[in-house]
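I have placed the structure first, in the form of structure tokens, so that the comments after it can refer back to it.
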Amino acid sequence: MSRPTPLRGVHESLGATLTDFAGWLMPLRYGSESAEHNAVRQAAGLFDLSHMGEIFVTGPQAAEALDYALVGHLSALEPGRARYTMIVDAEGGVLDDLIVYRLAPAEFMVVANASNYPRVAAELTGRAKGFDAAVEDRSERYALVAVQGPRSVEILGSLTDADLEGLRYYAGLPAVVAGREALVARTGYTGEDGFELFVAAEDAEPLWAALTEAGAPHGLIPAGLSARDTLRLEAGMPLYGNELSAALTPFDAGLGRVVRFDKPGDFVGRAALEPLKDVPPSRRLVGLVATGRRVPRHGYPVVVAGDGAVVGEVTSGAPSQSLGRPIAMAYVDNGLSSGLAVDIRGSHEPVEVVALPFYRRKK
């Protein structure tokens, strides 16, 4: 049975279409997917992300424990800043991609994907043994609400005295928002500017109501999983289970930059990953833009136009509101950059290979 978030009642009152996602009952859409997508691009969207996991690592050696457990150099992170990183297995396969916040010198919050956070918490607990550090999964205590879009500063700024203009990208600060204590972060998964608000679960509904009221004059509307997926696809951001999995290393996904071999000490997966750092992977992740109207979807084969030889596979695909054409991400054999098509139910639909991301916001 799917688990509800603290905002289930709100979603039901708004007439949302609810669906199971990673074991959670989540809003797929509230009305028009394209309207929700375009609101985020042009004004602002309000998201419930309470299905994400919040795992705290604390203690005198919390930084050293995370350096060993993850591929990133977390001990170099300044308090108040965040970093995108990954946890891999001993063979270098990606178990999850993460955002880690350093809240204080001896306190970190690891934000993991909904489908993975119990495993991430267990892995961190095991890997922290031998360090003076404690791991605690506090996910049940938190709700996570995001405001994304070009009007997000104005909307959130009307509810807090926090210095939002001074809050850097991939940073967070404690603040009072609409009378509720929150950690306000600035990362995002849509390709737009925006904020994530970590609050106590019981504060989720009043915070959502305050944001809805403050955002109404600015065009803010609630947005569901469908819009979040098309937004992140346009921004070229990976989704675990699609572009990332335990069968792939960070180098396979073109994200080798997150693996820090220059940090002190060993880390899980280092022996497997180090020989790969200077070796081009056999396949690379690319963007595809369809020349027709049919949409390449997850799992569809990528083929050579003409002879039909399979040279890759689509990982994510959807119609793009911003480009007006179907787009996809796919792993294709290295060296191929033209003459490709996607096999859509037996029909080879031509595609153009393009650099990621498909969309960049105006500064």
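Ligands are numbered from 1 in the order shown, residues from 1 within each chain, and chains are lettered A, B, ... in the order they appear in the structure tokens.
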Contacts of Gly149 (chain A) within 6 Å, only C-alpha atoms, excl. fewer than 2 positions in-chain, as a CSV table (one decimal) with N, CA, C and O atoms, in the first residue's frame:
```csv
chain,number,residue,atom,x,y,z
A,40,VAL,N,6.1,26.7,-14.3
A,40,VAL,CA,7.4,26.7,-13.7
A,40,VAL,C,8.4,27.4,-14.6
A,40,VAL,O,9.3,28.1,-14.1
A,41,ARG,N,8.2,27.3,-15.9
A,41,ARG,CA,9.1,28.0,-16.8
A,41,ARG,C,8.9,29.5,-16.8
A,41,ARG,O,9.8,30.3,-17.0
A,43,ALA,N,6.6,31.4,-14.4
A,43,ALA,CA,6.2,32.0,-13.2
A,43,ALA,C,6.7,31.2,-12.0
A,43,ALA,O,7.8,31.4,-11.6
A,44,ALA,N,5.9,30.2,-11.5
A,44,ALA,CA,6.4,29.4,-10.4
A,44,ALA,C,5.4,28.2,-10.3
A,44,ALA,O,4.2,28.3,-10.5
A,151,ARG,N,9.7,33.4,-10.6
A,151,ARG,CA,9.1,34.3,-9.6
A,151,ARG,C,9.2,33.8,-8.2
A,151,ARG,O,8.6,34.3,-7.2
A,152,SER,N,10.0,32.7,-8.0
A,152,SER,CA,10.1,32.1,-6.7
A,152,SER,C,10.7,33.0,-5.6
A,152,SER,O,10.4,32.9,-4.4
A,192,GLU,N,15.2,25.6,-13.4
A,192,GLU,CA,14.9,27.0,-13.0
A,192,GLU,C,15.4,27.3,-11.7
A,192,GLU,O,15.8,26.4,-10.9
A,193,ASP,N,15.5,28.6,-11.3
A,193,ASP,CA,15.8,29.0,-10.0
A,193,ASP,C,14.7,28.6,-9.1
A,193,ASP,O,13.5,28.4,-9.5
A,194,GLY,N,15.0,28.4,-7.8
A,194,GLY,CA,14.0,28.0,-6.9
A,194,GLY,C,14.5,27.6,-5.5
A,194,GLY,O,15.7,27.6,-5.3
```
- Task: Might you pull out every residue within 9 Å of Ser50 (chain A), with only C-alpha atoms counted and same-chain residues fewer than 3 positions away left off, and present them as a list in words?
- Result: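 With the cut-off at 9 Å, the set is Thr5, Pro6, Leu7, Gly53, Ala114, Ser139, Tyr142, Ala143, Leu144, Val145, Phe198 and Ala201 of chain A.
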- Message: Give me the residues near region 97-103 of chain A as a ChimeraX atom specification, where near means some atom within 10 Å (using only C-alpha atoms) and where sequence neighbours in that chain fewer than 6 positions away do not count.
- Response: /A:53-58,63,66,70,72,74-88,109-113,116-117,120,170-174,183,185,187,238-240,244-245,250
Selection export as a short mmCIF file (atom, residue, chain, number, x, y, z; two decimals), in the first residue's frame, atoms kept: N, CA and C atoms:
```cif
data_model
loop_
_atom_site.label_atom_id
_atom_site.label_comp_id
_atom_site.auth_asym_id
_atom_site.auth_seq_id
_atom_site.Cartn_x
_atom_site.Cartn_y
_atom_site.Cartn_z
N GLY A 53 14.21 11.23 1.16
CA GLY A 53 14.72 10.83 2.46
C GLY A 53 15.73 11.80 3.03
N GLU A 54 15.67 12.02 4.34
CA GLU A 54 16.62 12.89 5.05
C GLU A 54 17.37 12.06 6.08
N ILE A 55 18.65 11.86 5.84
CA ILE A 55 19.49 11.02 6.71
C ILE A 55 20.58 11.91 7.30
N PHE A 56 20.68 11.93 8.61
CA PHE A 56 21.64 12.79 9.28
C PHE A 56 22.87 11.99 9.69
N VAL A 57 24.03 12.59 9.46
CA VAL A 57 25.30 12.01 9.90
C VAL A 57 25.95 13.06 10.79
N THR A 58 26.17 12.71 12.05
CA THR A 58 26.67 13.67 13.03
C THR A 58 27.83 13.09 13.82
N ALA A 63 32.43 14.07 8.89
CA ALA A 63 32.97 14.41 7.57
C ALA A 63 33.84 13.29 7.02
N LEU A 66 31.73 10.36 5.82
CA LEU A 66 31.11 10.59 4.52
C LEU A 66 32.14 10.57 3.39
N LEU A 70 31.03 7.97 0.52
CA LEU A 70 30.55 8.53 -0.74
C LEU A 70 31.72 8.85 -1.66
N GLY A 72 32.24 11.74 -3.13
CA GLY A 72 32.61 13.14 -3.07
C GLY A 72 33.54 13.47 -1.92
N LEU A 74 33.42 15.44 0.96
CA LEU A 74 32.48 16.16 1.81
C LEU A 74 33.16 16.91 2.95
N SER A 75 34.36 16.48 3.35
CA SER A 75 35.05 17.20 4.41
C SER A 75 35.50 18.58 3.94
N ALA A 76 35.53 18.81 2.62
CA ALA A 76 35.89 20.12 2.09
C ALA A 76 34.70 21.07 1.99
N LEU A 77 33.52 20.56 2.30
CA LEU A 77 32.30 21.37 2.19
C LEU A 77 32.20 22.32 3.37
N GLU A 78 31.93 23.58 3.08
CA GLU A 78 31.78 24.57 4.15
C GLU A 78 30.37 24.47 4.75
N PRO A 79 30.23 24.74 6.07
CA PRO A 79 28.89 24.78 6.66
C PRO A 79 28.00 25.76 5.90
N GLY A 80 26.77 25.34 5.67
CA GLY A 80 25.84 26.17 4.91
C GLY A 80 25.82 25.86 3.42
N ARG A 81 26.72 25.02 2.95
CA ARG A 81 26.77 24.68 1.53
C ARG A 81 26.30 23.25 1.30
N ALA A 82 25.99 22.93 0.06
CA ALA A 82 25.52 21.61 -0.34
C ALA A 82 26.33 21.11 -1.52
N ARG A 83 26.29 19.80 -1.74
CA ARG A 83 27.04 19.21 -2.86
C ARG A 83 26.27 18.02 -3.42
N TYR A 84 26.27 17.93 -4.74
CA TYR A 84 25.72 16.77 -5.43
C TYR A 84 26.79 15.68 -5.45
N THR A 85 26.41 14.46 -5.07
CA THR A 85 27.38 13.37 -5.01
C THR A 85 26.65 12.06 -5.22
N MET A 86 27.34 10.97 -5.04
CA MET A 86 26.77 9.64 -5.24
C MET A 86 27.30 8.67 -4.20
N ILE A 87 26.52 7.62 -3.96
CA ILE A 87 26.98 6.48 -3.19
C ILE A 87 27.04 5.30 -4.15
N VAL A 88 28.18 4.62 -4.18
CA VAL A 88 28.37 3.50 -5.11
C VAL A 88 28.67 2.23 -4.32
N MET A 109 23.32 16.60 6.49
CA MET A 109 22.07 15.99 6.08
C MET A 109 22.24 15.44 4.67
N VAL A 110 21.97 14.16 4.51
CA VAL A 110 22.07 13.49 3.21
C VAL A 110 20.65 13.31 2.68
N VAL A 111 20.36 13.89 1.53
CA VAL A 111 19.03 13.77 0.93
C VAL A 111 19.10 12.73 -0.18
N ALA A 112 18.31 11.67 -0.01
CA ALA A 112 18.33 10.53 -0.93
C ALA A 112 16.99 10.38 -1.63
N ASN A 113 17.01 9.68 -2.75
CA ASN A 113 15.78 9.45 -3.50
C ASN A 113 14.83 8.53 -2.74
N ASN A 116 15.27 4.78 -2.69
CA ASN A 116 16.56 4.27 -2.24
C ASN A 116 16.93 4.60 -0.81
N TYR A 117 16.24 5.53 -0.15
CA TYR A 117 16.80 6.03 1.10
C TYR A 117 16.90 5.00 2.22
N VAL A 120 20.19 3.49 1.43
CA VAL A 120 21.26 4.47 1.66
C VAL A 120 21.54 4.59 3.15
N TYR A 170 23.24 25.80 -4.50
CA TYR A 170 23.76 24.69 -3.69
C TYR A 170 24.24 25.18 -2.32
N ALA A 171 23.30 25.85 -1.65
CA ALA A 171 23.52 26.31 -0.28
C ALA A 171 22.19 26.25 0.45
N GLY A 172 22.25 26.34 1.77
CA GLY A 172 21.04 26.32 2.58
C GLY A 172 21.23 27.14 3.84
N LEU A 173 20.11 27.63 4.37
CA LEU A 173 20.18 28.39 5.62
C LEU A 173 18.93 28.17 6.44
N PRO A 174 19.06 28.20 7.78
CA PRO A 174 17.87 28.10 8.63
C PRO A 174 17.10 29.41 8.57
N LEU A 183 14.57 24.78 6.91
CA LEU A 183 15.85 24.89 6.24
C LEU A 183 15.53 25.24 4.80
N ALA A 185 16.79 25.79 1.13
CA ALA A 185 17.90 25.40 0.26
C ALA A 185 17.64 25.92 -1.15
N THR A 187 18.68 24.47 -4.59
CA THR A 187 19.31 23.51 -5.52
C THR A 187 18.40 23.36 -6.74
N PRO A 238 19.59 13.66 -14.47
CA PRO A 238 19.33 12.22 -14.43
C PRO A 238 18.29 11.84 -13.40
N LEU A 239 17.60 10.74 -13.67
CA LEU A 239 16.64 10.16 -12.74
C LEU A 239 17.13 8.76 -12.39
N TYR A 240 17.22 8.48 -11.09
CA TYR A 240 17.66 7.15 -10.69
C TYR A 240 16.64 6.12 -11.16
N LEU A 244 20.50 6.40 -14.19
CA LEU A 244 21.43 5.90 -13.18
C LEU A 244 20.93 4.59 -12.60
N SER A 245 21.86 3.68 -12.32
CA SER A 245 21.50 2.40 -11.69
C SER A 245 22.78 1.75 -11.19
N PRO A 250 29.42 6.23 -12.27
CA PRO A 250 29.30 7.66 -12.57
C PRO A 250 29.94 8.03 -13.90
#
```
- Polymer residues at most 10 Å from Phe131 (chain A), only C-alpha atoms, same-chain spacing of 4 or more positions, as a ChimeraX atom specification: /A:59-66,68,127
Please dump the current selection as a PDB file, in the first residue's frame; keep N, CA and C atoms.
```pdb
ATOM      1  N   GLY A  59      28.590  13.979  14.453  1.00  0.00           N
ATOM      2  CA  GLY A  59      29.691  13.538  15.297  1.00  0.00           C
ATOM      3  C   GLY A  59      31.024  14.098  14.864  1.00  0.00           C
ATOM      4  N   PRO A  60      32.044  13.963  15.714  1.00  0.00           N
ATOM      5  CA  PRO A  60      33.359  14.538  15.421  1.00  0.00           C
ATOM      6  C   PRO A  60      33.975  14.067  14.104  1.00  0.00           C
ATOM      7  N   GLN A  61      33.658  12.835  13.681  1.00  0.00           N
ATOM      8  CA  GLN A  61      34.221  12.311  12.436  1.00  0.00           C
ATOM      9  C   GLN A  61      33.158  12.100  11.364  1.00  0.00           C
ATOM     10  N   ALA A  62      32.106  12.893  11.428  1.00  0.00           N
ATOM     11  CA  ALA A  62      31.050  12.777  10.416  1.00  0.00           C
ATOM     12  C   ALA A  62      31.590  13.057   9.014  1.00  0.00           C
ATOM     13  N   ALA A  63      32.428  14.069   8.886  1.00  0.00           N
ATOM     14  CA  ALA A  63      32.971  14.414   7.568  1.00  0.00           C
ATOM     15  C   ALA A  63      33.841  13.291   7.024  1.00  0.00           C
ATOM     16  N   GLU A  64      34.690  12.727   7.874  1.00  0.00           N
ATOM     17  CA  GLU A  64      35.565  11.644   7.440  1.00  0.00           C
ATOM     18  C   GLU A  64      34.757  10.404   7.071  1.00  0.00           C
ATOM     19  N   ALA A  65      33.684  10.143   7.825  1.00  0.00           N
ATOM     20  CA  ALA A  65      32.831   8.999   7.515  1.00  0.00           C
ATOM     21  C   ALA A  65      32.187   9.153   6.140  1.00  0.00           C
ATOM     22  N   LEU A  66      31.730  10.359   5.822  1.00  0.00           N
ATOM     23  CA  LEU A  66      31.112  10.593   4.518  1.00  0.00           C
ATOM     24  C   LEU A  66      32.139  10.571   3.391  1.00  0.00           C
ATOM     25  N   TYR A  68      34.564   8.595   3.257  1.00  0.00           N
ATOM     26  CA  TYR A  68      34.775   7.172   2.996  1.00  0.00           C
ATOM     27  C   TYR A  68      33.544   6.535   2.349  1.00  0.00           C
ATOM     28  N   ARG A 127      28.966   1.767   6.764  1.00  0.00           N
ATOM     29  CA  ARG A 127      30.237   2.389   6.371  1.00  0.00           C
ATOM     30  C   ARG A 127      30.772   3.342   7.433  1.00  0.00           C
TER      31      ARG A 127
END
```
- Query: Residues at most 7 Å from Leu220 (chain A), counting only C-alpha atoms, excluding those fewer than 2 positions away in the same chain, as a PyMOL selection string?
  - Reply: chain A and resi 39+43-46+215-216+218+222
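The set of residues in region 7-62 of chain A assigned to strand (DSSP E or B) by DSSP, using only backbone atoms of this structure, is A:Thr17, A:Leu18, A:Thr19, A:Asp20, A:Phe21, A:Trp24, A:Leu25, A:Met26, A:Pro27, A:Leu28, A:Arg29, A:Ala44, A:Gly45, A:Leu46, A:Phe47, A:Asp48, A:Gly53, A:Glu54, A:Ile55, A:Phe56, A:Val57, A:Thr58.
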When DSSP is applied to the backbone of this structure, which of region 134-248 of chain A are assigned helix (DSSP H, G or I)? Write them out as a short mmCIF file (atom, residue, chain, number, x, y, z; two decimals) with all heavy atoms, in the first residue's frame.
```cif
data_model
loop_
_atom_site.label_atom_id
_atom_site.label_comp_id
_atom_site.auth_asym_id
_atom_site.auth_seq_id
_atom_site.Cartn_x
_atom_site.Cartn_y
_atom_site.Cartn_z
N SER A 139 13.73 10.75 8.11
CA SER A 139 12.81 11.06 7.02
C SER A 139 11.37 11.22 7.48
O SER A 139 10.62 12.05 6.94
CB SER A 139 12.89 9.97 5.95
OG SER A 139 14.22 9.80 5.50
N GLU A 140 10.96 10.41 8.46
CA GLU A 140 9.56 10.46 8.91
C GLU A 140 9.22 11.81 9.56
O GLU A 140 8.04 12.17 9.65
CB GLU A 140 9.30 9.34 9.91
CG GLU A 140 9.46 7.94 9.33
CD GLU A 140 8.38 7.58 8.34
OE1 GLU A 140 7.32 8.24 8.37
OE2 GLU A 140 8.58 6.65 7.54
N ARG A 141 10.22 12.52 10.02
CA ARG A 141 9.96 13.77 10.73
C ARG A 141 9.77 14.96 9.79
O ARG A 141 9.30 16.01 10.21
CB ARG A 141 11.12 14.10 11.68
CG ARG A 141 11.48 13.01 12.66
CD ARG A 141 12.60 13.50 13.56
NE ARG A 141 13.26 12.40 14.26
CZ ARG A 141 14.33 12.54 15.02
NH1 ARG A 141 14.85 13.76 15.20
NH2 ARG A 141 14.89 11.49 15.61
N SER A 152 10.04 32.75 -7.99
CA SER A 152 10.14 32.10 -6.68
C SER A 152 10.75 33.01 -5.62
O SER A 152 10.36 32.94 -4.45
CB SER A 152 10.94 30.80 -6.80
OG SER A 152 12.22 31.04 -7.35
N VAL A 153 11.70 33.87 -5.99
CA VAL A 153 12.30 34.77 -5.00
C VAL A 153 11.25 35.73 -4.45
O VAL A 153 11.18 35.97 -3.23
CB VAL A 153 13.49 35.54 -5.61
CG1 VAL A 153 14.01 36.58 -4.62
CG2 VAL A 153 14.61 34.59 -5.99
N GLU A 154 10.45 36.29 -5.33
CA GLU A 154 9.41 37.22 -4.88
C GLU A 154 8.39 36.53 -3.98
O GLU A 154 7.97 37.08 -2.96
CB GLU A 154 8.68 37.80 -6.10
CG GLU A 154 9.57 38.60 -7.04
CD GLU A 154 8.89 38.80 -8.38
OE1 GLU A 154 7.99 39.66 -8.46
OE2 GLU A 154 9.24 38.10 -9.35
N ILE A 155 8.00 35.33 -4.37
CA ILE A 155 6.97 34.62 -3.60
C ILE A 155 7.48 34.26 -2.21
O ILE A 155 6.85 34.59 -1.20
CB ILE A 155 6.52 33.36 -4.37
CG1 ILE A 155 5.82 33.77 -5.66
CG2 ILE A 155 5.61 32.50 -3.50
CD1 ILE A 155 5.63 32.62 -6.64
N LEU A 156 8.61 33.57 -2.16
CA LEU A 156 9.14 33.16 -0.87
C LEU A 156 9.60 34.36 -0.05
O LEU A 156 9.45 34.38 1.18
CB LEU A 156 10.29 32.17 -1.07
CG LEU A 156 10.86 31.54 0.20
CD1 LEU A 156 9.78 30.79 0.98
CD2 LEU A 156 12.00 30.59 -0.14
N GLY A 157 10.11 35.37 -0.71
CA GLY A 157 10.59 36.56 -0.01
C GLY A 157 9.51 37.30 0.75
O GLY A 157 9.80 38.00 1.73
N ALA A 201 7.03 17.72 9.64
CA ALA A 201 5.90 17.17 8.91
C ALA A 201 4.59 17.89 9.24
O ALA A 201 3.76 18.14 8.37
CB ALA A 201 5.78 15.68 9.19
N GLU A 202 4.41 18.25 10.52
CA GLU A 202 3.16 18.89 10.93
C GLU A 202 3.03 20.33 10.41
O GLU A 202 1.95 20.92 10.46
CB GLU A 202 3.01 18.87 12.45
CG GLU A 202 4.12 19.58 13.20
CD GLU A 202 5.28 18.67 13.59
OE1 GLU A 202 5.47 17.62 12.93
OE2 GLU A 202 6.01 19.04 14.54
N ASP A 203 4.13 20.90 9.91
CA ASP A 203 4.08 22.27 9.38
C ASP A 203 3.83 22.30 7.88
O ASP A 203 3.74 23.39 7.28
CB ASP A 203 5.40 22.99 9.68
CG ASP A 203 5.57 23.31 11.16
OD1 ASP A 203 4.55 23.39 11.86
OD2 ASP A 203 6.72 23.47 11.60
N ALA A 204 3.72 21.15 7.24
CA ALA A 204 3.62 21.11 5.78
C ALA A 204 2.35 21.80 5.27
O ALA A 204 2.41 22.62 4.35
CB ALA A 204 3.68 19.67 5.29
N GLU A 205 1.20 21.48 5.87
CA GLU A 205 -0.05 22.05 5.36
C GLU A 205 -0.11 23.57 5.53
O GLU A 205 -0.44 24.27 4.57
CB GLU A 205 -1.25 21.37 6.02
CG GLU A 205 -1.55 20.00 5.46
CD GLU A 205 -2.98 19.56 5.73
OE1 GLU A 205 -3.85 20.43 5.96
OE2 GLU A 205 -3.23 18.34 5.67
N PRO A 206 0.19 24.12 6.71
CA PRO A 206 0.15 25.58 6.81
C PRO A 206 1.18 26.26 5.92
O PRO A 206 0.91 27.35 5.39
CB PRO A 206 0.42 25.85 8.30
CG PRO A 206 0.91 24.57 8.88
CD PRO A 206 0.38 23.48 8.03
N LEU A 207 2.34 25.66 5.71
CA LEU A 207 3.33 26.25 4.82
C LEU A 207 2.82 26.24 3.38
O LEU A 207 2.94 27.24 2.66
CB LEU A 207 4.64 25.48 4.91
CG LEU A 207 5.76 25.97 3.98
CD1 LEU A 207 6.17 27.40 4.34
CD2 LEU A 207 6.96 25.04 4.04
N TRP A 208 2.24 25.13 2.96
CA TRP A 208 1.68 25.04 1.60
C TRP A 208 0.61 26.11 1.38
O TRP A 208 0.59 26.78 0.34
CB TRP A 208 1.10 23.64 1.39
CG TRP A 208 0.55 23.37 0.02
CD1 TRP A 208 -0.67 23.76 -0.48
CD2 TRP A 208 1.20 22.64 -1.04
NE1 TRP A 208 -0.83 23.33 -1.76
CE2 TRP A 208 0.29 22.63 -2.14
CE3 TRP A 208 2.42 22.00 -1.16
CZ2 TRP A 208 0.59 22.00 -3.35
CZ3 TRP A 208 2.72 21.36 -2.37
CH2 TRP A 208 1.83 21.37 -3.45
N ALA A 209 -0.25 26.28 2.39
CA ALA A 209 -1.32 27.28 2.29
C ALA A 209 -0.75 28.69 2.18
O ALA A 209 -1.21 29.51 1.37
CB ALA A 209 -2.26 27.17 3.49
N ALA A 210 0.28 28.98 2.97
CA ALA A 210 0.89 30.32 2.92
C ALA A 210 1.56 30.57 1.59
O ALA A 210 1.44 31.67 1.02
CB ALA A 210 1.89 30.46 4.07
N LEU A 211 2.24 29.58 1.06
CA LEU A 211 2.90 29.73 -0.24
C LEU A 211 1.87 29.88 -1.35
O LEU A 211 2.06 30.68 -2.29
CB LEU A 211 3.81 28.53 -0.51
CG LEU A 211 5.09 28.46 0.32
CD1 LEU A 211 5.71 27.08 0.23
CD2 LEU A 211 6.09 29.52 -0.14
N THR A 212 0.79 29.14 -1.26
CA THR A 212 -0.27 29.24 -2.27
C THR A 212 -0.86 30.64 -2.29
O THR A 212 -1.05 31.23 -3.37
CB THR A 212 -1.37 28.20 -1.98
OG1 THR A 212 -0.81 26.88 -2.07
CG2 THR A 212 -2.51 28.33 -2.97
N GLU A 213 -1.13 31.19 -1.10
CA GLU A 213 -1.71 32.53 -1.02
C GLU A 213 -0.72 33.58 -1.51
O GLU A 213 -1.07 34.48 -2.30
CB GLU A 213 -2.13 32.83 0.41
CG GLU A 213 -2.78 34.19 0.59
CD GLU A 213 -3.23 34.45 2.01
OE1 GLU A 213 -3.05 33.56 2.87
OE2 GLU A 213 -3.76 35.55 2.28
N ALA A 214 0.54 33.47 -1.08
CA ALA A 214 1.55 34.46 -1.50
C ALA A 214 1.85 34.36 -2.98
O ALA A 214 2.19 35.36 -3.63
CB ALA A 214 2.84 34.24 -0.69
N GLY A 215 1.74 33.17 -3.54
CA GLY A 215 2.11 32.98 -4.94
C GLY A 215 1.01 33.26 -5.93
O GLY A 215 1.29 33.44 -7.12
N ALA A 216 -0.23 33.31 -5.48
CA ALA A 216 -1.35 33.49 -6.41
C ALA A 216 -1.21 34.72 -7.31
O ALA A 216 -1.41 34.63 -8.53
CB ALA A 216 -2.67 33.53 -5.63
N PRO A 217 -0.81 35.90 -6.77
CA PRO A 217 -0.66 37.06 -7.65
C PRO A 217 0.48 36.93 -8.65
O PRO A 217 0.55 37.69 -9.62
CB PRO A 217 -0.39 38.22 -6.67
CG PRO A 217 -0.83 37.73 -5.35
CD PRO A 217 -0.59 36.26 -5.35
N HIS A 218 1.38 35.99 -8.41
CA HIS A 218 2.55 35.82 -9.27
C HIS A 218 2.42 34.65 -10.24
O HIS A 218 3.36 34.34 -10.96
CB HIS A 218 3.80 35.60 -8.40
CG HIS A 218 4.09 36.73 -7.47
ND1 HIS A 218 4.66 37.92 -7.88
CD2 HIS A 218 3.89 36.85 -6.12
CE1 HIS A 218 4.80 38.72 -6.84
NE2 HIS A 218 4.34 38.10 -5.76
N LEU A 225 4.12 15.22 -10.40
CA LEU A 225 5.27 14.45 -10.85
C LEU A 225 5.47 14.52 -12.36
O LEU A 225 6.61 14.51 -12.84
CB LEU A 225 5.09 12.98 -10.44
CG LEU A 225 5.23 12.62 -8.97
CD1 LEU A 225 4.91 11.14 -8.77
CD2 LEU A 225 6.63 12.92 -8.46
N SER A 226 4.38 14.58 -13.12
CA SER A 226 4.53 14.63 -14.58
C SER A 226 5.30 15.87 -15.02
O SER A 226 6.22 15.79 -15.84
CB SER A 226 3.16 14.58 -15.25
OG SER A 226 2.57 13.31 -15.12
N ALA A 227 4.92 17.03 -14.47
CA ALA A 227 5.62 18.26 -14.82
C ALA A 227 7.06 18.22 -14.32
O ALA A 227 7.98 18.67 -15.02
CB ALA A 227 4.89 19.47 -14.24
N ARG A 228 7.26 17.68 -13.13
CA ARG A 228 8.62 17.59 -12.60
C ARG A 228 9.50 16.75 -13.52
O ARG A 228 10.67 17.07 -13.73
CB ARG A 228 8.59 17.01 -11.19
CG ARG A 228 9.94 17.01 -10.46
CD ARG A 228 9.73 16.68 -9.00
NE ARG A 228 10.99 16.72 -8.26
CZ ARG A 228 11.63 15.64 -7.81
NH1 ARG A 228 11.14 14.44 -8.03
NH2 ARG A 228 12.75 15.76 -7.13
N ASP A 229 8.93 15.69 -14.09
CA ASP A 229 9.72 14.82 -14.96
C ASP A 229 10.06 15.51 -16.28
O ASP A 229 11.18 15.41 -16.76
CB ASP A 229 8.97 13.52 -15.21
CG ASP A 229 9.87 12.47 -15.85
OD1 ASP A 229 10.97 12.22 -15.33
OD2 ASP A 229 9.47 11.91 -16.88
N THR A 230 9.10 16.20 -16.89
CA THR A 230 9.41 16.87 -18.16
C THR A 230 10.36 18.05 -17.95
O THR A 230 11.21 18.32 -18.80
CB THR A 230 8.12 17.33 -18.86
OG1 THR A 230 7.34 18.16 -17.98
CG2 THR A 230 7.29 16.14 -19.29
N LEU A 231 10.23 18.71 -16.81
CA LEU A 231 11.14 19.82 -16.51
C LEU A 231 12.57 19.33 -16.32
O LEU A 231 13.51 19.88 -16.89
CB LEU A 231 10.66 20.56 -15.25
CG LEU A 231 9.36 21.36 -15.39
CD1 LEU A 231 8.73 21.59 -14.02
CD2 LEU A 231 9.62 22.69 -16.10
N ARG A 232 12.75 18.25 -15.55
CA ARG A 232 14.10 17.75 -15.30
C ARG A 232 14.69 17.15 -16.57
O ARG A 232 15.90 17.20 -16.79
CB ARG A 232 14.12 16.77 -14.14
CG ARG A 232 13.47 15.41 -14.38
CD ARG A 232 14.44 14.35 -14.84
NE ARG A 232 13.70 13.18 -15.34
CZ ARG A 232 14.27 12.22 -16.03
NH1 ARG A 232 15.54 12.26 -16.33
NH2 ARG A 232 13.55 11.20 -16.47
N LEU A 233 13.83 16.57 -17.44
CA LEU A 233 14.32 16.03 -18.70
C LEU A 233 14.83 17.15 -19.59
O LEU A 233 15.92 17.05 -20.17
CB LEU A 233 13.21 15.25 -19.40
CG LEU A 233 13.53 14.66 -20.77
CD1 LEU A 233 14.75 13.76 -20.74
CD2 LEU A 233 12.31 13.90 -21.32
N GLU A 234 14.08 18.24 -19.71
CA GLU A 234 14.57 19.38 -20.49
C GLU A 234 15.88 19.91 -19.94
O GLU A 234 16.75 20.36 -20.70
CB GLU A 234 13.52 20.51 -20.48
CG GLU A 234 12.31 20.22 -21.33
CD GLU A 234 11.37 21.41 -21.44
OE1 GLU A 234 11.54 22.39 -20.66
OE2 GLU A 234 10.47 21.38 -22.29
#
```
- Residues within 6 Å of region 332-341 of chain A, only C-alpha atoms, excluding chain neighbours under 6 positions, as a list of chain:residue names: A:Ser282, A:Arg283, A:Arg284, A:Val302, A:Val303, A:Val304, A:Ala305, A:Val311, A:Gly312, A:His348, A:Glu349, A:Pro350, A:Val351, A:Val353
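Pairwise distance (CA of Val258 (chain A), CA of Val71 (chain A)) equals 6.8 Å.
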- Message: I want to know what sits within 10 Å of Asp278 (chain A), based on only C-alpha atoms, with residues of the same chain fewer than 4 positions away left out; could you give that as number ranges by chain?
- Response: A: 251, 256, 274
Residues from the last selection, all heavy atoms, saved as a short mmCIF file (atom, residue, chain, number, x, y, z; two decimals), in the first residue's frame:
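Output file out-v5.cif follows:
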```cif
data_model
loop_
_atom_site.label_atom_id
_atom_site.label_comp_id
_atom_site.auth_asym_id
_atom_site.auth_seq_id
_atom_site.Cartn_x
_atom_site.Cartn_y
_atom_site.Cartn_z
N PHE A 251 30.98 7.34 -14.30
CA PHE A 251 31.63 7.64 -15.58
C PHE A 251 30.74 7.26 -16.76
O PHE A 251 30.72 7.95 -17.77
CB PHE A 251 32.98 6.92 -15.67
CG PHE A 251 33.99 7.42 -14.69
CD1 PHE A 251 34.24 6.73 -13.51
CD2 PHE A 251 34.68 8.61 -14.91
CE1 PHE A 251 35.17 7.21 -12.59
CE2 PHE A 251 35.60 9.10 -14.00
CZ PHE A 251 35.85 8.39 -12.84
N GLY A 256 31.54 11.61 -14.10
CA GLY A 256 32.78 11.27 -13.43
C GLY A 256 33.37 12.40 -12.61
O GLY A 256 34.15 12.16 -11.68
N GLU A 274 38.87 3.92 -10.12
CA GLU A 274 40.10 4.61 -10.52
C GLU A 274 40.60 4.18 -11.90
O GLU A 274 41.00 5.03 -12.69
CB GLU A 274 41.18 4.43 -9.46
CG GLU A 274 42.29 5.47 -9.58
CD GLU A 274 42.91 5.81 -8.23
OE1 GLU A 274 42.79 5.00 -7.30
OE2 GLU A 274 43.50 6.90 -8.13
#
```
